[in-house]
Amino acid sequence: MGLLKEPDLGTPAKPGLATVTVEVDGMPVQVPEGTSIMRAAALSGTEIPKLCATDSLDAFGSCRLCLVEIDGRKGTPASCTTPVAEGMKVRTQTPRLEKLRQGVMELYISDHPLDCLTCSANGDCELQDMSGVVGLRQVRYGYEGDNHLDLEKDTSNPYFDFDPSKCIVCSRCVRACGEVQGTFALTISGRGFESKVSPSANDLFMDSECVSCGACVQACPTATLQEKSVVDLGMPNRTVLTTCAYCGVGCSFKAELRGDELVRMVPYKDGGANEGHSCVKGRFAFGYATHPDRQLKPMVRERITDPWREVDWETAINHVAERMKDIQARHGVGAIGGITSSRCTNEEVYVVQKMVRAAFGNNNVDTCARVCHSPTGYGLKQTFGTSAGTQDFKSVAQSDVIMVIGANPTDGHPVFASRMKRRLREGARLIVVDPRRIDLVRSPHIKADHHLQLAPGTNVAVVNAMAHVVVTEGLVDMSFVDSRCEDFDAWAEFIARPENSPEAVAEITGVPAADLRAAARLYATGGNAAIYYGLGVTEHSQGSTMVMGMANLAMATGNIGREGVGVNPLRGQNNVQGSCDMGSFPHELPGYRHVSDDAVREVFETLWERPIVPEPGLRIPNMFDAAVDGSFRGLFVQGEDIAQSDPNTQHVTAALEAMELVVVQDLFLNETAKFAHVFLPGTSFLEKDGTFTNAERRINRVRPVMAPKTGMHEWQIVCEIARAMGYPMSYPHPREIMAEIAATTPTFAGVSFDKLDKLGSVQWPCNDSAPEGTPTMHVDAFVRGKGRFVQTPFVPTRERSTRKYPLILTTGRILSQYNVGAQTRRTANVAWHKEDVLEIHPHDAEVRGIGDGDEVTLASRVGTTSLRAVLSDRMPVGVVYTTFHHPVTGANVVTTENSDWATNCPEYKVTAVQVGLRHSGSAAEQESEEEPALVD
Ligand code: SF4
Ligand code: SF4
Ligand code: SF4
Ligand code: FES
């Protein structure tokens with residue numbers, strides 16, 4: 001794909017139906033009203049010289065290179081800031097313009113090092129290009145006067161350098177940081193000749209507010225801001241279009257290579273999810289793919305205490321098949337199972353669940369979504385009829401009120417957060433529901449109207465109270481409810497009960513009733529209102545209830561079925577949506593269809609030529625319990641580190657130790673591999689060929705940038721294991737796996753690799769009635785017909801703080817790291833997060849004699865770990881917070897086995913704990929006399 005240099009039309013597109021016709025150098029062109037002359041000219045095939053303009057940023061008009069002449073007008077206006085008008089005649093090349101442009105360039109070059117031949121941007125520098133375009137032949141001013149050539153380079157950022165001696169002060173970086181990223185870390189200080197770009201308040205990038213998204217680097221027309229990888233390796237010479245393998249935003253990237261070496265990742269302008277933007281992980285943190293820790297050969301061992309033995313693929317595959325068959329012969333068909341990974345492609349996941357169902361002959365397949373978004377699947381299916389978010393990301397640009405619940409988008413879903421922040425800067429109102437004061441509550445040019453700082457575990461009480469206000473204050477959209485929904489009356493009677501009022505729940509939630517009432521009124525009456533939520537909703541004992549509670553609220557206010565509204569899960573991993581879609585649940589075949597449905601089973605049985613068990617299989621926690629009991633003895637784990645990411649680590653490791661055969665397919669010898677008998681090396685996203693489905697149901701292509709370093713694709717390995725177990729399973733290419741998914745799964749019926757190559761991406765459902773996909777769901781009717789109101793009584797979690805464990809621990813993630821950190825810890829991202837820390841309120845710290853930076857023990861009913869304390873008033877008194885990116889911290893050692901009543905999703909977000917100074921003995925032993933219980 002020849003995408004190395006994407007066209008730059010100079011200024012952003014102006015949406016609008018009305019068009020005007022203008023003439024550029026005698027060529028007529030029709031463009032939307034409000035379009036700049038520069039863009040109109042580019043669309044007509046004429047590139048006007050420019051330096052400060054680029055089509056991802058609003059025009060600024062500072063460089064004066066893009067001057068044009070307009071018939072009937074005096075002067076030479078800047079074409080980037082001048083909009084077209086009907087009948088306008090523009091000239092872009094005249095002797096006067098040429099002279100003016102050469103004069104401008106002369107001034108720039110007189111303060112610019114002339115080291116083009118050795119500059120890292122040689123061949124990719126707009127200043128260099130423009131010198132040629134304007135015909136610069138002399139620089140009369142020389143270097144005798146003042147200049148900036150000796151300004152020092154800032155190399156503090158691990159991924160890019162800032163060399164101010166090359167800066168032309170075009171402000172593209174400053175505007176990219178503000179307009180695109182929304183961080184506002186850069187400023188131009190000084191005036192005139194003294195003006196200079198710098199990270200605000202600090203001189204070094206690493207000491208500033210910069211979040212290393214790279215938008216400024218991408219926008220910079222010179223080598224001033226430049227990727228270190230380009231400096232080291234040289235300019236790329238080819239590109240492959242693919243998809244980020246980190247979070248559920250699913251950003252499209254151009255992987256730019258020099259020969260076979262990946263030089264940089266550049267976000268793709270036409271990427272449906274990201275439109276040219278990225279975060280630090282996707283753009284820079286790809287080094288793990290070639291990290292020396294990667295194990296590239298299969299390995300086996302008899303006992304987990306034995307050393308590993310490298311073997312060839314055939315030996316490893318046959319070993320797995322023989323041992324699995326042997327276990328089944330001795331312990332029954334149901335004694336083995338598999339876990340799929342949300343990091344893998346749809347095609348890789350599909351073949352694992354097929355292997356379990358057709359080759360293993362049971363439904364013992366589950367996915368790591370079990371521990372994050374399974375309540376989303378359950379809750380949205382019950383209420384709306386389908387297990388997915390309702391909108392595309394672009395929809396947020398139409399929102400008037402945005403409610404963020406239990407999510408921290410600036411860290412967890414940064415590129416979507418940038419879109420959201422743009423809309424908030426335009427004036428949308430913001431409600432944040434979170435125990436922690438996340439950055440969105442107050443950041444540059446953004447301030448939440450309401451921050452409902454609830455006690456962990458009380459989400460349902462809060463959403464019920466909001467619905468109570470809507471119902472009792474007459475704010476229900478009755479025409480929507482009457483025409484589109486069912487079971488409203490019973491729900492309204494339930495929700496209007498006094499126990500659901502803001503006043504009644506204020507004590508348990510900690511949210512003042514007046515704030516809650518005001519937030520509910522804003523949500524119900526502020527125009528288009530959209531809900532975005534994350535694991536702070538799902539990872540609770542009432543996760544599924546809360547999802548239904550939000551769906552009720554959206555239906556009651558008519559906020560479903562159009563742009564700008566909806567209920568939207570912000571999915572954690574890159575392919576959580578896809579791994580769920582692909583049937584990796586023990587009760588559901590692909591497309592969320594229950595295994596007990598005869599007609600659905602028949603579709604697969606006919607194609608697979610194997611009977612499918614009509615009863616659900618084991619969920620992950622049931623597999624662990626059965627392993628400890630001795631009835632479950634063999635497990636295939638695809639790309640998930642269950643020993644680190646699942647709750648109550650002791651129980652997980654006991655289960656793993658009890659099994660006869662644990663097969664781990666992963667990039668690295670992770671924590672789970674310590675308990676494995678077979679290790680099958682996996683492929684990084686740079687080697688994969690297939691699709692990921694992001695949080696907006698968008699199916700994106702993942703194209704191989706290089707051949708598998710292990711010699712085999714993961715889907716091929718799984719097919720080979722199935723074959724060796726006696727079930728022939730093979731595909732020439734992943735496109736045929738997708739063809740099988742399309743043939744068996746109605747929501748994917750119209751999806752094919754050819755279509756994805758043609759359209760870029762599609763959002764399911766994609767079938768005959770929506771051949772190009774479905775950006776917004778439930779437009780005229782809900783997928784289940786009528787939207788169903790479900791009563792959602794609040795049931796407090798069993799996990800309570802007590803005198804012994806008086807604090808509540810909640811967990812989250814940070815921008816630079818990803819999940820259990822297997823990838824990001826093996827990149828320079830560790831510069832931002834070397835360890836997990838415990839955030840503790842200064843009051844809670846003080847009464848325990850804990851100072852900032854002290855080593856503390858963190859103890860719950862199930863375990864103890866230690867980490868460093870950081871004093872922070874982001875959490876209310878009584879609540880502590882940590883991340884779980886480093887195995888050494890073992891944050892899940894302390895999390896309990898409480899889980900969502902409907903789906904078993906673990907209650908990571910609420911654990912009663914005690915914290916104490918490490919040297920003063922185990923925190924569990926400390927009886928805190930002075931601390932009152934938070935929730936008891
Ligand atoms: S650093 Fe680059 S983008 Fe920023 S003002 Fe200087 S030349 Fe322009
Ligand atoms: S890397 Fe991103 S956050 Fe940092 S200065 Fe550049 S645009 Fe701003
Ligand atoms: S926002 Fe998510 S998908 Fe996009 S670049 Fe960052 S980690 Fe990758
Ligand atoms: S490109 Fe128009 S003024 Fe710089």
# chains A, B, ... in the order shown; residues from 1 in each chain; ligands from 1
>>> closest_atom_pairs(of="chain A", to="ligand 4", cutoff="6 Å", atoms="only C-alpha atoms and all ligand atoms", output="JSON lines")
{"residue": "A:Lys50", "atom": "CA", "partner": "ligand 4", "partner_atom_place_in_ligand_line": "1 (S)", "distance": 3.8}
{"residue": "A:Leu51", "atom": "CA", "partner": "ligand 4", "partner_atom_place_in_ligand_line": "1 (S)", "distance": 4.8}
{"residue": "A:Cys52", "atom": "CA", "partner": "ligand 4", "partner_atom_place_in_ligand_line": "4 (Fe)", "distance": 3.9}
{"residue": "A:Ala53", "atom": "CA", "partner": "ligand 4", "partner_atom_place_in_ligand_line": "1 (S)", "distance": 4.2}
{"residue": "A:Gly61", "atom": "CA", "partner": "ligand 4", "partner_atom_place_in_ligand_line": "3 (S)", "distance": 3.4}
{"residue": "A:Ser62", "atom": "CA", "partner": "ligand 4", "partner_atom_place_in_ligand_line": "3 (S)", "distance": 4.5}
{"residue": "A:Cys63", "atom": "CA", "partner": "ligand 4", "partner_atom_place_in_ligand_line": "4 (Fe)", "distance": 3.8}
{"residue": "A:Arg64", "atom": "CA", "partner": "ligand 4", "partner_atom_place_in_ligand_line": "3 (S)", "distance": 4.1}
{"residue": "A:Leu65", "atom": "CA", "partner": "ligand 4", "partner_atom_place_in_ligand_line": "4 (Fe)", "distance": 5.5}
{"residue": "A:Cys66", "atom": "CA", "partner": "ligand 4", "partner_atom_place_in_ligand_line": "2 (Fe)", "distance": 4.5}
{"residue": "A:Ala78", "atom": "CA", "partner": "ligand 4", "partner_atom_place_in_ligand_line": "2 (Fe)", "distance": 5.2}
{"residue": "A:Ser79", "atom": "CA", "partner": "ligand 4", "partner_atom_place_in_ligand_line": "2 (Fe)", "distance": 5.8}
{"residue": "A:Cys80", "atom": "CA", "partner": "ligand 4", "partner_atom_place_in_ligand_line": "2 (Fe)", "distance": 4.4}
>>> write_last_selection(atoms="C-alpha atoms", output="CSV table (one decimal), in the first residue's frame")
chain,number,residue,atom,x,y,z
A,50,LYS,CA,2.5,26.0,3.2
A,51,LEU,CA,4.3,25.5,6.4
A,52,CYS,CA,2.0,26.3,9.3
A,53,ALA,CA,-1.1,24.5,7.8
A,61,GLY,CA,-2.2,31.8,9.3
A,62,SER,CA,1.3,32.5,10.7
A,63,CYS,CA,3.9,31.5,8.1
A,64,ARG,CA,2.7,33.7,5.2
A,65,LEU,CA,3.8,31.2,2.6
A,66,CYS,CA,0.4,30.3,1.3
A,78,ALA,CA,-3.4,33.6,3.2
A,79,SER,CA,-5.1,30.8,1.4
A,80,CYS,CA,-5.3,28.7,4.6
>>> residues_near_ligand(ligand="ligand 1", cutoff="6 Å", atoms="only C-alpha atoms and all ligand atoms", output="PyMOL selection string")
chain A and resi 167-173+197+219-222+224-225
>>> closest_residue(among="A:Ala902, A:Ala643, A:Val217, A:Val576", to="ligand 2", atoms="only C-alpha atoms and all ligand atoms")
A:Val217
>>> select_by_dssp(residues="stretch 149-274 of chain A", states="strand (DSSP E or B)", output="VMD selection string")
chain A and resid 154 160 to 162 186 to 189 196 to 199 225 to 227 238 to 243 247 252 to 258 261 to 267
>>> write_last_selection(atoms="N, CA and C atoms", output="compact mmCIF listing (two decimals), in the first residue's frame")
# COMPACT_ATOMS: atom_id res chain seq x y z
N ASP A 154 16.58 18.65 23.62
CA ASP A 154 15.96 17.96 24.76
C ASP A 154 15.75 16.49 24.35
N PHE A 160 11.13 10.43 21.57
CA PHE A 160 11.38 11.47 20.57
C PHE A 160 12.27 12.56 21.14
N ASP A 161 12.97 13.23 20.23
CA ASP A 161 13.85 14.33 20.62
C ASP A 161 13.22 15.67 20.22
N PHE A 162 13.64 16.70 20.92
CA PHE A 162 13.19 18.06 20.59
C PHE A 162 14.45 18.90 20.38
N LEU A 186 2.17 22.25 25.54
CA LEU A 186 3.18 23.10 24.89
C LEU A 186 2.71 24.54 24.80
N THR A 187 3.67 25.45 24.85
CA THR A 187 3.34 26.85 24.64
C THR A 187 4.40 27.49 23.75
N ILE A 188 4.05 28.64 23.21
CA ILE A 188 5.07 29.45 22.56
C ILE A 188 5.30 30.63 23.48
N SER A 189 6.51 30.69 24.01
CA SER A 189 6.82 31.80 24.91
C SER A 189 7.62 32.84 24.14
N LYS A 196 9.54 31.06 21.14
CA LYS A 196 10.16 29.73 21.23
C LYS A 196 9.15 28.74 21.80
N VAL A 197 9.17 27.54 21.25
CA VAL A 197 8.27 26.50 21.73
C VAL A 197 8.88 25.83 22.95
N SER A 198 8.05 25.56 23.96
CA SER A 198 8.56 24.77 25.08
C SER A 198 7.41 24.08 25.78
N PRO A 199 7.71 22.93 26.42
CA PRO A 199 6.69 22.29 27.24
C PRO A 199 6.35 23.23 28.39
N LEU A 225 10.94 18.07 16.16
CA LEU A 225 10.39 16.98 16.96
C LEU A 225 10.48 15.73 16.10
N GLN A 226 11.26 14.79 16.52
CA GLN A 226 11.54 13.64 15.66
C GLN A 226 11.66 12.36 16.48
N GLU A 227 11.07 11.28 15.96
CA GLU A 227 11.19 9.99 16.65
C GLU A 227 12.65 9.58 16.73
N ARG A 238 8.66 1.74 3.36
CA ARG A 238 7.41 1.06 2.99
C ARG A 238 6.47 1.05 4.19
N THR A 239 5.22 0.76 3.93
CA THR A 239 4.25 0.85 5.02
C THR A 239 3.19 -0.25 4.90
N VAL A 240 2.71 -0.71 6.04
CA VAL A 240 1.65 -1.72 6.08
C VAL A 240 0.56 -1.18 7.01
N LEU A 241 -0.67 -1.23 6.54
CA LEU A 241 -1.78 -0.71 7.33
C LEU A 241 -2.28 -1.77 8.29
N THR A 242 -2.31 -1.46 9.59
CA THR A 242 -2.73 -2.46 10.55
C THR A 242 -3.43 -1.80 11.75
N THR A 243 -3.63 -2.56 12.83
CA THR A 243 -4.42 -2.08 13.96
C THR A 243 -3.65 -2.26 15.26
N CYS A 247 -5.45 -1.24 23.38
CA CYS A 247 -6.76 -1.13 24.03
C CYS A 247 -7.93 -1.24 23.06
N SER A 252 -6.14 2.64 14.02
CA SER A 252 -5.48 2.17 12.79
C SER A 252 -4.13 2.85 12.66
N PHE A 253 -3.15 2.08 12.25
CA PHE A 253 -1.78 2.60 12.14
C PHE A 253 -1.17 2.20 10.81
N LYS A 254 -0.26 3.06 10.36
CA LYS A 254 0.64 2.64 9.30
C LYS A 254 1.91 2.16 10.00
N ALA A 255 2.24 0.90 9.84
CA ALA A 255 3.51 0.41 10.34
C ALA A 255 4.54 0.76 9.28
N GLU A 256 5.45 1.66 9.59
CA GLU A 256 6.40 2.13 8.58
C GLU A 256 7.74 1.41 8.77
N LEU A 257 8.17 0.78 7.71
CA LEU A 257 9.37 -0.06 7.80
C LEU A 257 10.47 0.44 6.89
N ARG A 258 11.65 0.05 7.28
CA ARG A 258 12.80 0.24 6.39
C ARG A 258 13.32 -1.17 6.13
N GLU A 261 12.73 -3.86 8.92
CA GLU A 261 12.79 -3.33 10.28
C GLU A 261 11.70 -2.28 10.50
N LEU A 262 10.94 -2.47 11.56
CA LEU A 262 9.89 -1.50 11.87
C LEU A 262 10.52 -0.24 12.44
N VAL A 263 10.30 0.89 11.76
CA VAL A 263 10.91 2.15 12.19
C VAL A 263 9.95 2.92 13.09
N ARG A 264 8.71 3.04 12.66
CA ARG A 264 7.76 3.79 13.49
C ARG A 264 6.34 3.39 13.15
N MET A 265 5.43 3.71 14.08
CA MET A 265 4.01 3.51 13.86
C MET A 265 3.40 4.90 13.71
N VAL A 266 2.68 5.11 12.62
CA VAL A 266 2.06 6.42 12.39
C VAL A 266 0.55 6.23 12.31
N PRO A 267 -0.21 6.87 13.19
CA PRO A 267 -1.66 6.70 13.14
C PRO A 267 -2.22 7.12 11.79
>>> residues_near_ligand(ligand="ligand 2", cutoff="10 Å", atoms="only C-alpha atoms and all ligand atoms", output="PyMOL selection string")
chain A and resi 157+159-160+172-187+198-200+205-206+208-220+225+277-280
>>> residues_around(residues="A:Pro502", least_positions_apart="4", cutoff="9 Å", atoms="only C-alpha atoms", output="list in words")
Ala461, Val462, Asn464, Ala465, Met466, His468, Val469, Pro498, Ala506, Val511, Pro512, Ala513, Ala514, Asp515, Leu516 and Arg517 of chain A
>>> write_last_selection(atoms="C-alpha atoms", output="PDB file, in the first residue's frame")
ATOM      1  CA  ALA A 461     -27.737   2.748  44.320  1.00  0.00           C
ATOM      2  CA  VAL A 462     -26.545   5.840  42.433  1.00  0.00           C
ATOM      3  CA  ASN A 464     -31.281   3.883  40.674  1.00  0.00           C
ATOM      4  CA  ALA A 465     -31.430   7.214  42.484  1.00  0.00           C
ATOM      5  CA  MET A 466     -30.839   9.059  39.201  1.00  0.00           C
ATOM      6  CA  HIS A 468     -35.804   7.841  40.686  1.00  0.00           C
ATOM      7  CA  VAL A 469     -35.351  11.560  40.028  1.00  0.00           C
ATOM      8  CA  PRO A 498     -38.690   5.945  48.618  1.00  0.00           C
ATOM      9  CA  ALA A 506     -26.902   9.350  50.289  1.00  0.00           C
ATOM     10  CA  VAL A 511     -23.093  11.293  47.290  1.00  0.00           C
ATOM     11  CA  PRO A 512     -25.003  14.337  48.527  1.00  0.00           C
ATOM     12  CA  ALA A 513     -28.636  14.086  47.419  1.00  0.00           C
ATOM     13  CA  ALA A 514     -28.678  17.578  45.913  1.00  0.00           C
ATOM     14  CA  ASP A 515     -25.683  16.782  43.677  1.00  0.00           C
ATOM     15  CA  LEU A 516     -27.253  13.569  42.540  1.00  0.00           C
ATOM     16  CA  ARG A 517     -30.565  15.257  41.775  1.00  0.00           C
TER      17      ARG A 517
END
>>> closest_residue(among="A:Gln102, A:Asn364, A:Thr46, A:Thr35", to="A:Thr81", atoms="only C-alpha atoms")
A:Thr35
>>> closest_atom_pairs(of="chain A", to="ligand 3", cutoff="9 Å", atoms="only C-alpha atoms and all ligand atoms", output="tab-separated table")
residue	atom	partner	partner_atom_place_in_ligand_line	distance
A:Cys213	CA	ligand 3	6 (Fe)	8.3
A:Thr243	CA	ligand 3	3 (S)	7.5
A:Cys244	CA	ligand 3	8 (Fe)	4.6
A:Ala245	CA	ligand 3	8 (Fe)	6.2
A:Tyr246	CA	ligand 3	7 (S)	4.4
A:Cys247	CA	ligand 3	2 (Fe)	3.9
A:Gly248	CA	ligand 3	3 (S)	5.9
A:Val249	CA	ligand 3	3 (S)	4.4
A:Gly250	CA	ligand 3	3 (S)	4.0
A:Cys251	CA	ligand 3	4 (Fe)	4.2
A:Ser252	CA	ligand 3	4 (Fe)	7.6
A:Phe253	CA	ligand 3	5 (S)	8.2
A:Pro267	CA	ligand 3	5 (S)	7.7
A:Ala273	CA	ligand 3	4 (Fe)	8.1
A:Asn274	CA	ligand 3	4 (Fe)	6.8
A:His277	CA	ligand 3	5 (S)	7.5
A:Ser278	CA	ligand 3	5 (S)	4.2
A:Cys279	CA	ligand 3	6 (Fe)	4.0
A:Val280	CA	ligand 3	6 (Fe)	6.3
A:Lys281	CA	ligand 3	7 (S)	5.0
A:Gly282	CA	ligand 3	5 (S)	3.5
A:Arg283	CA	ligand 3	5 (S)	6.0
A:Phe284	CA	ligand 3	5 (S)	8.8
A:Asp411	CA	ligand 3	1 (S)	8.9
A:Gly412	CA	ligand 3	2 (Fe)	7.5
A:His413	CA	ligand 3	1 (S)	5.0
A:Pro414	CA	ligand 3	1 (S)	4.8
A:Val415	CA	ligand 3	1 (S)	4.4
A:Phe416	CA	ligand 3	1 (S)	6.7
A:Ala417	CA	ligand 3	1 (S)	8.5
A:Gly572	CA	ligand 3	2 (Fe)	8.8
A:Gln573	CA	ligand 3	2 (Fe)	8.4
A:Asn574	CA	ligand 3	3 (S)	6.7
A:Asn694	CA	ligand 3	3 (S)	8.5
A:Leu815	CA	ligand 3	7 (S)	8.5
A:Ser816	CA	ligand 3	7 (S)	8.9
A:Tyr818	CA	ligand 3	7 (S)	8.0
>>> write_last_selection(atoms="N, CA, C and O atoms", output="short mmCIF file (atom, residue, chain, number, x, y, z; two decimals), in the first residue's frame")
data_model
loop_
_atom_site.label_atom_id
_atom_site.label_comp_id
_atom_site.auth_asym_id
_atom_site.auth_seq_id
_atom_site.Cartn_x
_atom_site.Cartn_y
_atom_site.Cartn_z
N CYS A 213 1.94 11.41 23.49
CA CYS A 213 1.06 10.83 22.46
C CYS A 213 1.69 10.90 21.08
O CYS A 213 1.31 10.17 20.17
N THR A 243 -3.63 -2.56 12.83
CA THR A 243 -4.42 -2.08 13.96
C THR A 243 -3.65 -2.26 15.26
O THR A 243 -3.00 -3.29 15.45
N CYS A 244 -3.74 -1.28 16.12
CA CYS A 244 -3.07 -1.34 17.42
C CYS A 244 -3.56 -2.55 18.21
O CYS A 244 -4.74 -2.90 18.17
N ALA A 245 -2.63 -3.16 18.95
CA ALA A 245 -3.00 -4.37 19.71
C ALA A 245 -3.14 -4.08 21.20
O ALA A 245 -3.13 -5.00 22.00
N TYR A 246 -3.24 -2.83 21.57
CA TYR A 246 -3.40 -2.54 23.00
C TYR A 246 -4.88 -2.44 23.39
O TYR A 246 -5.50 -3.44 23.65
N CYS A 247 -5.45 -1.24 23.38
CA CYS A 247 -6.76 -1.13 24.03
C CYS A 247 -7.93 -1.24 23.06
O CYS A 247 -7.77 -1.33 21.85
N GLY A 248 -9.13 -1.19 23.63
CA GLY A 248 -10.35 -1.39 22.87
C GLY A 248 -10.72 -0.23 21.96
O GLY A 248 -11.77 -0.27 21.31
N VAL A 249 -9.90 0.83 21.91
CA VAL A 249 -10.20 1.90 20.95
C VAL A 249 -9.95 1.39 19.53
O VAL A 249 -10.70 1.69 18.61
N GLY A 250 -8.90 0.58 19.37
CA GLY A 250 -8.66 -0.02 18.05
C GLY A 250 -8.17 0.96 17.01
O GLY A 250 -8.74 1.06 15.91
N CYS A 251 -7.09 1.67 17.32
CA CYS A 251 -6.59 2.68 16.38
C CYS A 251 -5.92 2.03 15.17
O CYS A 251 -5.21 1.03 15.31
N SER A 252 -6.14 2.64 14.02
CA SER A 252 -5.48 2.17 12.79
C SER A 252 -4.13 2.85 12.66
O SER A 252 -4.01 4.06 12.91
N PHE A 253 -3.15 2.08 12.25
CA PHE A 253 -1.78 2.60 12.14
C PHE A 253 -1.17 2.20 10.81
O PHE A 253 -1.47 1.13 10.27
N PRO A 267 -0.21 6.87 13.19
CA PRO A 267 -1.66 6.70 13.14
C PRO A 267 -2.22 7.12 11.79
O PRO A 267 -1.80 8.12 11.22
N ALA A 273 -11.59 4.59 13.87
CA ALA A 273 -11.65 4.82 15.30
C ALA A 273 -10.83 6.02 15.74
O ALA A 273 -11.17 6.70 16.70
N ASN A 274 -9.72 6.27 15.06
CA ASN A 274 -8.77 7.26 15.59
C ASN A 274 -8.52 8.46 14.69
O ASN A 274 -8.01 9.48 15.15
N HIS A 277 -5.00 9.93 15.09
CA HIS A 277 -4.42 10.20 16.40
C HIS A 277 -4.05 8.88 17.09
O HIS A 277 -4.49 7.80 16.67
N SER A 278 -3.25 8.99 18.13
CA SER A 278 -2.84 7.77 18.85
C SER A 278 -2.44 8.15 20.26
O SER A 278 -2.42 9.32 20.62
N CYS A 279 -2.10 7.14 21.04
CA CYS A 279 -1.52 7.39 22.37
C CYS A 279 -0.12 6.82 22.40
O CYS A 279 0.34 6.20 21.45
N VAL A 280 0.53 6.99 23.53
CA VAL A 280 1.93 6.59 23.66
C VAL A 280 2.13 5.09 23.43
O VAL A 280 3.15 4.66 22.91
N LYS A 281 1.11 4.30 23.79
CA LYS A 281 1.30 2.85 23.67
C LYS A 281 1.31 2.43 22.20
O LYS A 281 2.22 1.77 21.74
N GLY A 282 0.26 2.82 21.49
CA GLY A 282 0.15 2.39 20.10
C GLY A 282 1.25 2.97 19.23
O GLY A 282 1.78 2.30 18.35
N ARG A 283 1.61 4.22 19.46
CA ARG A 283 2.58 4.85 18.57
C ARG A 283 4.01 4.40 18.87
O ARG A 283 4.81 4.19 17.95
N PHE A 284 4.31 4.26 20.16
CA PHE A 284 5.72 4.05 20.49
C PHE A 284 6.06 2.70 21.14
O PHE A 284 7.18 2.24 21.04
N ASP A 411 -6.63 7.75 30.67
CA ASP A 411 -5.60 6.73 30.87
C ASP A 411 -5.92 5.44 30.13
O ASP A 411 -5.05 4.84 29.51
N GLY A 412 -7.16 5.00 30.20
CA GLY A 412 -7.52 3.70 29.66
C GLY A 412 -7.83 3.70 28.17
O GLY A 412 -7.56 2.73 27.47
N HIS A 413 -8.43 4.79 27.69
CA HIS A 413 -8.88 4.85 26.28
C HIS A 413 -8.52 6.23 25.72
O HIS A 413 -9.38 7.03 25.36
N PRO A 414 -7.22 6.52 25.68
CA PRO A 414 -6.78 7.90 25.49
C PRO A 414 -7.23 8.55 24.19
O PRO A 414 -7.53 9.75 24.18
N VAL A 415 -7.27 7.79 23.11
CA VAL A 415 -7.63 8.44 21.85
C VAL A 415 -9.12 8.79 21.83
O VAL A 415 -9.52 9.86 21.35
N PHE A 416 -9.94 7.93 22.42
CA PHE A 416 -11.35 8.31 22.55
C PHE A 416 -11.48 9.49 23.51
O PHE A 416 -12.28 10.41 23.29
N ALA A 417 -10.66 9.49 24.57
CA ALA A 417 -10.71 10.61 25.52
C ALA A 417 -10.42 11.93 24.81
O ALA A 417 -11.03 12.96 25.11
N GLY A 572 -11.67 -2.87 27.53
CA GLY A 572 -10.28 -2.80 27.97
C GLY A 572 -9.31 -3.24 26.89
O GLY A 572 -8.52 -2.45 26.39
N GLN A 573 -9.37 -4.50 26.51
CA GLN A 573 -8.36 -5.02 25.60
C GLN A 573 -8.80 -4.84 24.16
O GLN A 573 -9.98 -4.67 23.85
N ASN A 574 -7.81 -4.92 23.28
CA ASN A 574 -8.03 -4.66 21.87
C ASN A 574 -9.18 -5.47 21.27
O ASN A 574 -9.91 -4.99 20.43
N ASN A 694 -13.23 -3.61 17.79
CA ASN A 694 -13.02 -2.67 18.90
C ASN A 694 -14.32 -2.41 19.67
O ASN A 694 -15.36 -3.03 19.41
N LEU A 815 -2.05 5.31 31.96
CA LEU A 815 -1.87 5.51 30.52
C LEU A 815 -0.71 4.72 29.93
O LEU A 815 -0.85 4.07 28.90
N SER A 816 0.43 4.77 30.57
CA SER A 816 1.63 4.23 29.92
C SER A 816 1.68 2.72 29.96
O SER A 816 2.42 2.09 29.21
N TYR A 818 -0.20 -1.30 30.30
CA TYR A 818 -1.35 -2.00 29.73
C TYR A 818 -1.56 -3.30 30.47
O TYR A 818 -0.67 -4.15 30.48
#
>>> closest_atom_pairs(of="stretch 74-175 of chain A", to="stretch 2-20 of chain A", cutoff="9 Å", atoms="only C-alpha atoms", output="JSON lines")
{"residue": "A:Cys80", "atom": "CA", "partner": "A:Thr11", "partner_atom": "CA", "distance": 6.6}
{"residue": "A:Thr81", "atom": "CA", "partner": "A:Thr11", "partner_atom": "CA", "distance": 8.6}
{"residue": "A:Val84", "atom": "CA", "partner": "A:Val20", "partner_atom": "CA", "distance": 7.6}
{"residue": "A:Ala85", "atom": "CA", "partner": "A:Val20", "partner_atom": "CA", "distance": 6.6}
{"residue": "A:Glu86", "atom": "CA", "partner": "A:Val20", "partner_atom": "CA", "distance": 5.0}
{"residue": "A:Gly87", "atom": "CA", "partner": "A:Val20", "partner_atom": "CA", "distance": 7.7}
{"residue": "A:Asp124", "atom": "CA", "partner": "A:Lys5", "partner_atom": "CA", "distance": 8.9}
>>> residues_around(residues="stretch 348-351 of chain A", least_positions_apart="2", cutoff="7 Å", atoms="only C-alpha atoms", output="ChimeraX atom specification")
/A:340-341,344-346,353-355,579,582,714-715,718
